[in-house]
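First up is the structure itself, then whatever we jot down about it.
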Amino acid sequence: MQLLLGQTIRFTADPFKAPLTDSTTHEPRGAVAIEGGMIKEAGPADELRQKYPQAKVTDYGDALISPGFVDAHVHYPQTAIIASWGKRLIDWLNSYTFPEESRFGDPAHAAEIAGSYFDLVTASGTTTTVSYCTIHPESVDAYFTAAQKRGLRVLGGKTCMDRNAPETLQDTPQSAYDDSKALLNRWHGQDRLSYVITPRFAPTSTPDQLAALGGLWAENPDVLMQTHISEQHEEIAWVADLFPDATDYLDVYERHGLLGPGALLGHAIHLTDRERDRIREVDASLIHCPTSNMFIGSGLFDMNSLMEQGHRIGLATDTGGGSSFSMLRTMAAAYEVAQLRGHPLHPAQLWWLATEGSAHALRMADKIGTLAPGSEADLAVIDLASTPAIAQRAARAEDIWQAIFPTIMMGDDRAIKAVWANGTCLRS
Ligand code: GUN
Ligand code: ZN
């Protein structure tokens, strides 16, 4: 038994649905008890010390013990091309992304990038990622192997493309199906790893490939499916050209068996009313990627009205279209985008999105993203005074959310004091 001491915040309700005063419990001197990789209990430190006198105690002082961050949409193969200058989506893919992704058939390259990717994200307090790999099965093996070595709960899959990409990055409907199926059987449910069926997006798949992957999903309904939708206007017009019979972008996926409750739809900025209603009806998840949407010039996600409509929404870096590995920076960008839309997000809503909200979008809120008893002990310990600039602002805070907000807006990996995964200290 381990007992970690620090400040704790627990969500008792969804802060987008319940009033903020009813949705969180703050312990200024709190504790998290861990046993067998799981959270046994979180509560006041005095109480838990008395209850578990034999526990090994790690005292983090005033630092905040949070669930590790859950990054619901990333491209780990884009690690080394993050922050590439000056292009919009389609040019950015052709100029930077595809040349780099072409290198992942080499297992040594894939292993090197996967290792440095997980070192970077865990240094930023992220304990779960959902990644697009490349078309190469080697890239999926490298991703899951690196995560497994670190004891992380991660999700990911082979990115399938059979048109509108360089020859070296194309598979076929059949090989996409066969490779994805073999990888799913190899990795899904191993330790804490989950396979995700991954057609990149409508423009890079033929109808036959989308249908083949829709068939694989129908055969494996318990796995998630991820893709991109309605990120930029040029992309949406291209989809309309490529699929003239489809009602809209969402319908391209639906008519090929690629829409259901386990769908993770990245970006979803320029949805029509019909698409919004239909996504809500099937209860698929939308994944908000705010640094990416600003960096590539895509647009402003409509968080307020989508939440009011009852959508299931996760938060993500979208590394390397996104310009950061850090979910702190991503929360800051979500705040800024919401400000531009005229609806500032409360720090509690931002923190929820980066932890339990993303877990909920992945349908894993019973396992990760929370300090609830029986969930997995993946934790980030956050220093709320990690730089002089943050410390002097936090010193004026009148409540815990005012103390946290400067770290959301100005924090980086220096704020991450320790990371625990599966009940083991991964970094300190
Ligand atoms: N749409 C299709 N592929 C990608 C990608 O790699 N990044 C982003 N941001 N959008 C995409
Ligand atoms: Zn993406």
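For the structure tokens, the naming scheme is as follows: chains receive sequential letters (A, B, ...) according to their order of presentation, residues are indexed from 1 within each chain, and ligands are indexed from 1 in presentation order.
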Close residues, Val223 (chain A) itself excluded, 7 Å, only C-alpha atoms, min 2 positions apart in chain, as a ChimeraX atom specification: /A:195-196,220-221,225
Which residues are close to Arg153 (chain A), i.e. within 6 Å by only C-alpha atoms, leaving aside same-chain residues fewer than 5 positions away? Reply as an MDAnalysis selection string. chainID A and resid 128 192:193
Now that the selection is made, can you save its residues with all heavy atoms as a compact mmCIF listing (two decimals), in the first residue's frame?
# COMPACT_ATOMS: atom_id res chain seq x y z
N THR A 128 -2.21 8.61 -20.64
CA THR A 128 -2.91 7.85 -21.70
C THR A 128 -2.90 8.66 -22.99
O THR A 128 -3.19 9.86 -22.97
CB THR A 128 -4.37 7.54 -21.30
OG1 THR A 128 -4.36 6.55 -20.27
CG2 THR A 128 -5.17 6.98 -22.49
N ARG A 192 -2.40 -3.19 -20.76
CA ARG A 192 -3.33 -2.05 -20.74
C ARG A 192 -3.46 -1.40 -22.12
O ARG A 192 -3.65 -0.21 -22.25
CB ARG A 192 -2.83 -1.03 -19.71
CG ARG A 192 -2.64 -1.66 -18.32
CD ARG A 192 -2.06 -0.64 -17.35
NE ARG A 192 -3.05 0.32 -16.96
CZ ARG A 192 -2.77 1.59 -16.61
NH1 ARG A 192 -1.52 2.02 -16.64
NH2 ARG A 192 -3.72 2.39 -16.23
N LEU A 193 -3.35 -2.21 -23.15
CA LEU A 193 -3.31 -1.68 -24.52
C LEU A 193 -4.61 -1.98 -25.25
O LEU A 193 -5.18 -3.06 -25.09
CB LEU A 193 -2.14 -2.33 -25.27
CG LEU A 193 -0.80 -2.32 -24.51
CD1 LEU A 193 0.26 -3.10 -25.27
CD2 LEU A 193 -0.34 -0.89 -24.25
Shell around Arg200 (chain A) at 6 Å using only C-alpha atoms, local window under 2 positions removed, as a PyMOL selection string: chain A and resi 159-160+198+227
Now that the selection is made, can you save its residues with N, CA and C atoms as a PDB file, in the first residue's frame?
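again_20.pdb was written with the following content:
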ATOM      1  N   THR A 159      -2.727   3.489 -39.305  1.00  0.00           N
ATOM      2  CA  THR A 159      -3.426   4.489 -40.118  1.00  0.00           C
ATOM      3  C   THR A 159      -3.550   3.962 -41.545  1.00  0.00           C
ATOM      4  N   CYS A 160      -4.775   3.791 -42.000  1.00  0.00           N
ATOM      5  CA  CYS A 160      -4.992   3.189 -43.321  1.00  0.00           C
ATOM      6  C   CYS A 160      -5.223   4.271 -44.378  1.00  0.00           C
ATOM      7  N   THR A 198      -8.398   2.540 -37.597  1.00  0.00           N
ATOM      8  CA  THR A 198      -7.951   3.897 -37.918  1.00  0.00           C
ATOM      9  C   THR A 198      -7.878   4.200 -39.423  1.00  0.00           C
ATOM     10  N   THR A 227     -11.070   8.650 -36.577  1.00  0.00           N
ATOM     11  CA  THR A 227     -10.801   9.290 -37.865  1.00  0.00           C
ATOM     12  C   THR A 227     -10.934  10.807 -37.695  1.00  0.00           C
TER      13      THR A 227
END
Can I get the residues of chain A within 10 Å of ligand 1, each with the closest pair of atoms and their distance in Å to one decimal, using only C-alpha atoms and all ligand atoms, sorted chain first then ascending number, as a tab-separated table?
residue	atom	partner	partner_atom_place_in_ligand_line	distance
A:His73	CA	ligand 1	9 (N)	9.5
A:Val74	CA	ligand 1	7 (N)	8.4
A:His75	CA	ligand 1	6 (O)	6.5
A:Tyr76	CA	ligand 1	6 (O)	9.8
A:Pro77	CA	ligand 1	6 (O)	9.3
A:Gln78	CA	ligand 1	6 (O)	7.8
A:Arg88	CA	ligand 1	9 (N)	9.4
A:Leu89	CA	ligand 1	10 (N)	6.4
A:Ile90	CA	ligand 1	1 (N)	7.9
A:Trp92	CA	ligand 1	7 (N)	8.5
A:Leu93	CA	ligand 1	6 (O)	6.4
A:Asn94	CA	ligand 1	6 (O)	10.0
A:Tyr96	CA	ligand 1	6 (O)	9.8
A:Thr97	CA	ligand 1	6 (O)	6.7
A:Phe98	CA	ligand 1	6 (O)	8.5
A:Glu101	CA	ligand 1	6 (O)	9.5
A:Tyr132	CA	ligand 1	6 (O)	8.0
A:Cys133	CA	ligand 1	6 (O)	9.7
A:Thr134	CA	ligand 1	6 (O)	9.7
A:Thr159	CA	ligand 1	3 (N)	9.2
A:Met161	CA	ligand 1	3 (N)	10.0
A:Pro199	CA	ligand 1	2 (C)	9.3
A:Arg200	CA	ligand 1	2 (C)	5.6
A:Phe201	CA	ligand 1	2 (C)	5.4
A:Ala202	CA	ligand 1	2 (C)	8.5
A:Pro203	CA	ligand 1	2 (C)	8.2
A:Thr204	CA	ligand 1	2 (C)	8.1
A:Thr227	CA	ligand 1	2 (C)	7.8
A:His228	CA	ligand 1	1 (N)	5.5
A:Ile229	CA	ligand 1	1 (N)	7.7
A:Ser230	CA	ligand 1	1 (N)	9.0
A:Glu231	CA	ligand 1	10 (N)	7.0
A:Gln232	CA	ligand 1	10 (N)	8.9
A:Glu235	CA	ligand 1	1 (N)	8.6
A:Gly266	CA	ligand 1	10 (N)	8.0
A:His267	CA	ligand 1	9 (N)	7.8
A:Cys289	CA	ligand 1	9 (N)	8.2
A:Thr291	CA	ligand 1	9 (N)	9.8
A:Ser292	CA	ligand 1	9 (N)	6.2
A:Asn293	CA	ligand 1	9 (N)	7.5
A:Phe295	CA	ligand 1	9 (N)	9.3
A:Ile296	CA	ligand 1	9 (N)	7.4
A:Ser298	CA	ligand 1	9 (N)	8.8
A:Thr317	CA	ligand 1	9 (N)	9.6
A:Asp318	CA	ligand 1	9 (N)	6.3
A:Thr319	CA	ligand 1	7 (N)	8.0
A:Gly320	CA	ligand 1	7 (N)	7.2
A:Gly321	CA	ligand 1	9 (N)	4.6
A:Gly322	CA	ligand 1	9 (N)	7.0
Taking the backbone alone, and naming residues the way the document does, which bits of region 134-265 of chain A are helix (DSSP H, G or I) by DSSP, as a ChimeraX atom specification? /A:137-150,167-169,173-187,202-204,207-219,233-242,249-255
I want to know what sits within 9 Å of region 352-362 of chain A, based on only C-alpha atoms, with residues of the same chain fewer than 4 positions away left out; could you give that as a short mmCIF file (atom, residue, chain, number, x, y, z; two decimals) with C-alpha atoms, in the first residue's frame?
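around01.cif, written as the output of this step:
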data_model
loop_
_atom_site.label_atom_id
_atom_site.label_comp_id
_atom_site.auth_asym_id
_atom_site.auth_seq_id
_atom_site.Cartn_x
_atom_site.Cartn_y
_atom_site.Cartn_z
CA PHE A 11 -15.04 15.54 -9.56
CA ASP A 14 -19.63 16.65 -14.77
CA PRO A 15 -18.79 20.38 -14.41
CA SER A 66 -4.39 14.76 -10.25
CA PRO A 67 -5.39 11.89 -12.48
CA GLY A 68 -2.77 11.66 -15.25
CA PHE A 69 -3.83 13.53 -18.38
CA VAL A 70 -5.68 11.67 -21.12
CA ASP A 71 -4.73 12.86 -24.62
CA ALA A 72 -7.50 11.59 -26.88
CA THR A 128 -2.91 7.85 -21.70
CA VAL A 130 -4.73 7.59 -28.39
CA LEU A 224 -12.95 2.07 -30.87
CA GLY A 262 -17.23 3.98 -30.27
CA ALA A 263 -16.26 6.50 -32.97
CA LEU A 264 -13.71 9.17 -32.05
CA ALA A 284 -20.12 9.16 -30.87
CA SER A 285 -17.29 11.26 -29.38
CA LEU A 286 -15.89 14.53 -30.66
CA ILE A 287 -12.23 15.24 -29.97
CA ARG A 312 -19.43 13.58 -25.56
CA ILE A 313 -16.20 15.60 -25.99
CA GLY A 314 -12.57 14.78 -25.31
CA LEU A 315 -9.49 17.00 -25.43
CA ALA A 316 -6.28 16.33 -27.34
CA MET A 327 -2.18 18.95 -21.96
CA LEU A 328 -1.59 22.07 -19.83
CA THR A 330 -3.80 22.32 -24.64
CA MET A 331 -6.16 23.40 -21.84
CA PRO A 347 -10.63 25.91 -14.93
CA ALA A 348 -12.66 23.02 -13.48
CA ASP A 366 -14.47 3.64 -15.07
CA LYS A 367 -10.73 3.00 -15.45
CA ILE A 368 -8.78 6.24 -15.94
CA GLY A 369 -9.01 10.01 -15.63
CA THR A 370 -10.35 9.95 -12.08
#
Near Pro137 (chain A), within 9 Å and counting only C-alpha atoms, which residues show up once chain neighbours fewer than 2 positions away are dropped, as a list in words? Phe104, Gly105, Cys133, Thr134, Ile135, Ser139, Val140, Asp141, Ala142, Gly157, Lys158, Asp179, Ser180 and Leu183 of chain A
Since we have the selection now, will you write its residues out, keeping all heavy atoms, as an mmCIF file, in the first residue's frame?
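Output file selection-v1.cif follows:
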data_model
loop_
_atom_site.group_PDB
_atom_site.id
_atom_site.type_symbol
_atom_site.label_atom_id
_atom_site.label_comp_id
_atom_site.auth_asym_id
_atom_site.auth_seq_id
_atom_site.Cartn_x
_atom_site.Cartn_y
_atom_site.Cartn_z
ATOM 1 N N PHE A 104 8.509 5.020 -41.151
ATOM 2 C CA PHE A 104 8.160 4.141 -40.033
ATOM 3 C C PHE A 104 8.042 2.658 -40.386
ATOM 4 O O PHE A 104 7.709 1.839 -39.531
ATOM 5 C CB PHE A 104 6.906 4.663 -39.314
ATOM 6 C CG PHE A 104 7.224 5.816 -38.408
ATOM 7 C CD1 PHE A 104 7.552 7.069 -38.937
ATOM 8 C CD2 PHE A 104 7.245 5.653 -37.044
ATOM 9 C CE1 PHE A 104 7.880 8.127 -38.104
ATOM 10 C CE2 PHE A 104 7.560 6.704 -36.203
ATOM 11 C CZ PHE A 104 7.881 7.945 -36.731
ATOM 12 N N GLY A 105 8.371 2.313 -41.642
ATOM 13 C CA GLY A 105 8.523 0.895 -41.959
ATOM 14 C C GLY A 105 9.811 0.353 -41.352
ATOM 15 O O GLY A 105 10.000 -0.866 -41.245
ATOM 16 N N CYS A 133 -0.934 5.610 -35.818
ATOM 17 C CA CYS A 133 0.434 5.218 -36.133
ATOM 18 C C CYS A 133 0.609 5.513 -37.629
ATOM 19 O O CYS A 133 0.054 6.487 -38.116
ATOM 20 C CB CYS A 133 0.654 3.769 -35.717
ATOM 21 S SG CYS A 133 0.364 3.545 -33.921
ATOM 22 N N THR A 134 1.373 4.738 -38.373
ATOM 23 C CA THR A 134 1.454 4.951 -39.833
ATOM 24 C C THR A 134 0.856 3.720 -40.516
ATOM 25 O O THR A 134 0.328 2.832 -39.833
ATOM 26 C CB THR A 134 2.903 5.165 -40.307
ATOM 27 O OG1 THR A 134 3.622 3.938 -40.131
ATOM 28 C CG2 THR A 134 3.576 6.292 -39.535
ATOM 29 N N ILE A 135 0.981 3.641 -41.834
ATOM 30 C CA ILE A 135 0.410 2.443 -42.489
ATOM 31 C C ILE A 135 1.225 1.193 -42.143
ATOM 32 O O ILE A 135 0.772 0.074 -42.373
ATOM 33 C CB ILE A 135 0.313 2.557 -44.033
ATOM 34 C CG1 ILE A 135 1.685 2.596 -44.688
ATOM 35 C CG2 ILE A 135 -0.578 3.653 -44.496
ATOM 36 C CD1 ILE A 135 1.646 1.891 -46.034
ATOM 37 N N SER A 139 5.077 0.323 -37.081
ATOM 38 C CA SER A 139 4.873 1.543 -36.285
ATOM 39 C C SER A 139 3.913 1.280 -35.129
ATOM 40 O O SER A 139 4.014 1.910 -34.074
ATOM 41 C CB SER A 139 4.313 2.670 -37.169
ATOM 42 O OG SER A 139 2.949 2.423 -37.484
ATOM 43 N N VAL A 140 2.994 0.356 -35.337
ATOM 44 C CA VAL A 140 2.040 -0.007 -34.277
ATOM 45 C C VAL A 140 2.764 -0.849 -33.227
ATOM 46 O O VAL A 140 2.617 -0.628 -32.009
ATOM 47 C CB VAL A 140 0.840 -0.778 -34.869
ATOM 48 C CG1 VAL A 140 -0.152 -1.147 -33.777
ATOM 49 C CG2 VAL A 140 0.163 0.044 -35.962
ATOM 50 N N ASP A 141 3.566 -1.789 -33.684
ATOM 51 C CA ASP A 141 4.335 -2.622 -32.741
ATOM 52 C C ASP A 141 5.246 -1.747 -31.876
ATOM 53 O O ASP A 141 5.353 -1.953 -30.666
ATOM 54 C CB ASP A 141 5.174 -3.653 -33.505
ATOM 55 C CG ASP A 141 4.309 -4.728 -34.173
ATOM 56 O OD1 ASP A 141 3.152 -4.920 -33.736
ATOM 57 O OD2 ASP A 141 4.790 -5.363 -35.129
ATOM 58 N N ALA A 142 5.880 -0.760 -32.501
ATOM 59 C CA ALA A 142 6.808 0.104 -31.743
ATOM 60 C C ALA A 142 6.050 0.918 -30.689
ATOM 61 O O ALA A 142 6.513 1.070 -29.549
ATOM 62 C CB ALA A 142 7.538 1.048 -32.702
ATOM 63 N N GLY A 157 -3.722 2.641 -33.419
ATOM 64 C CA GLY A 157 -3.926 1.721 -34.529
ATOM 65 C C GLY A 157 -3.175 2.138 -35.779
ATOM 66 O O GLY A 157 -2.663 3.266 -35.884
ATOM 67 N N LYS A 158 -3.121 1.204 -36.709
ATOM 68 C CA LYS A 158 -2.497 1.446 -38.016
ATOM 69 C C LYS A 158 -3.361 2.418 -38.812
ATOM 70 O O LYS A 158 -4.567 2.211 -38.994
ATOM 71 C CB LYS A 158 -2.401 0.107 -38.774
ATOM 72 C CG LYS A 158 -2.072 0.231 -40.244
ATOM 73 C CD LYS A 158 -2.265 -1.120 -40.942
ATOM 74 C CE LYS A 158 -2.785 -0.976 -42.361
ATOM 75 N NZ LYS A 158 -1.758 -0.719 -43.370
ATOM 76 N N ASP A 179 -3.988 -6.311 -42.180
ATOM 77 C CA ASP A 179 -3.002 -5.791 -41.212
ATOM 78 C C ASP A 179 -3.691 -5.334 -39.925
ATOM 79 O O ASP A 179 -3.214 -5.607 -38.823
ATOM 80 C CB ASP A 179 -2.256 -4.575 -41.782
ATOM 81 C CG ASP A 179 -1.241 -4.950 -42.853
ATOM 82 O OD1 ASP A 179 -0.961 -6.149 -43.021
ATOM 83 O OD2 ASP A 179 -0.722 -4.031 -43.518
ATOM 84 N N SER A 180 -4.799 -4.601 -40.091
ATOM 85 C CA SER A 180 -5.486 -4.084 -38.907
ATOM 86 C C SER A 180 -5.988 -5.244 -38.046
ATOM 87 O O SER A 180 -5.869 -5.223 -36.817
ATOM 88 C CB SER A 180 -6.674 -3.193 -39.305
ATOM 89 O OG SER A 180 -6.229 -2.095 -40.078
ATOM 90 N N LEU A 183 -3.071 -6.891 -36.226
ATOM 91 C CA LEU A 183 -2.581 -6.034 -35.129
ATOM 92 C C LEU A 183 -3.584 -6.006 -33.976
ATOM 93 O O LEU A 183 -3.201 -6.020 -32.799
ATOM 94 C CB LEU A 183 -2.317 -4.618 -35.659
ATOM 95 C CG LEU A 183 -1.097 -4.509 -36.572
ATOM 96 C CD1 LEU A 183 -1.157 -3.214 -37.393
ATOM 97 C CD2 LEU A 183 0.210 -4.577 -35.770
#
Atomic distance CA of His233 (chain A) - CA of Leu306 (chain A), expressed in Å with one decimal: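 These atoms are spaced 19.3 Å apart.
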Residues near Leu213 (chain A), cut-off 8 Å, only C-alpha atoms, skip fewer than 3 positions along chain, as an mmCIF file with N, CA and C atoms, in the first residue's frame:
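Written file, around_11.cif:
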data_model
loop_
_atom_site.group_PDB
_atom_site.id
_atom_site.type_symbol
_atom_site.label_atom_id
_atom_site.label_comp_id
_atom_site.auth_asym_id
_atom_site.auth_seq_id
_atom_site.Cartn_x
_atom_site.Cartn_y
_atom_site.Cartn_z
ATOM 1 N N PRO A 173 -7.497 -1.925 -49.795
ATOM 2 C CA PRO A 173 -8.615 -2.324 -48.916
ATOM 3 C C PRO A 173 -8.309 -3.642 -48.196
ATOM 4 N N ALA A 176 -5.271 -3.326 -45.706
ATOM 5 C CA ALA A 176 -5.663 -2.525 -44.546
ATOM 6 C C ALA A 176 -6.471 -3.394 -43.578
ATOM 7 N N TYR A 177 -7.384 -4.168 -44.147
ATOM 8 C CA TYR A 177 -8.212 -5.062 -43.326
ATOM 9 C C TYR A 177 -7.332 -6.127 -42.652
ATOM 10 N N ILE A 197 -9.365 0.963 -34.609
ATOM 11 C CA ILE A 197 -9.443 0.908 -36.085
ATOM 12 C C ILE A 197 -9.309 2.339 -36.615
ATOM 13 N N PRO A 199 -9.011 4.480 -40.066
ATOM 14 C CA PRO A 199 -8.921 5.081 -41.407
ATOM 15 C C PRO A 199 -8.507 6.549 -41.221
ATOM 16 N N GLN A 209 -11.981 0.718 -49.244
ATOM 17 C CA GLN A 209 -11.200 0.614 -48.008
ATOM 18 C C GLN A 209 -12.049 0.982 -46.791
ATOM 19 N N LEU A 210 -12.839 2.056 -46.922
ATOM 20 C CA LEU A 210 -13.714 2.429 -45.795
ATOM 21 C C LEU A 210 -14.654 1.272 -45.470
ATOM 22 N N LEU A 216 -14.528 -4.684 -40.528
ATOM 23 C CA LEU A 216 -13.692 -5.116 -39.389
ATOM 24 C C LEU A 216 -14.280 -4.614 -38.067
ATOM 25 N N TRP A 217 -14.805 -3.398 -38.118
ATOM 26 C CA TRP A 217 -15.405 -2.841 -36.884
ATOM 27 C C TRP A 217 -16.656 -3.628 -36.490
ATOM 28 N N GLY A 257 -20.194 2.025 -42.641
ATOM 29 C CA GLY A 257 -20.156 1.293 -41.362
ATOM 30 C C GLY A 257 -19.203 1.893 -40.356
ATOM 31 N N LEU A 258 -18.859 3.185 -40.545
ATOM 32 C CA LEU A 258 -17.855 3.800 -39.671
ATOM 33 C C LEU A 258 -18.456 4.902 -38.791
#
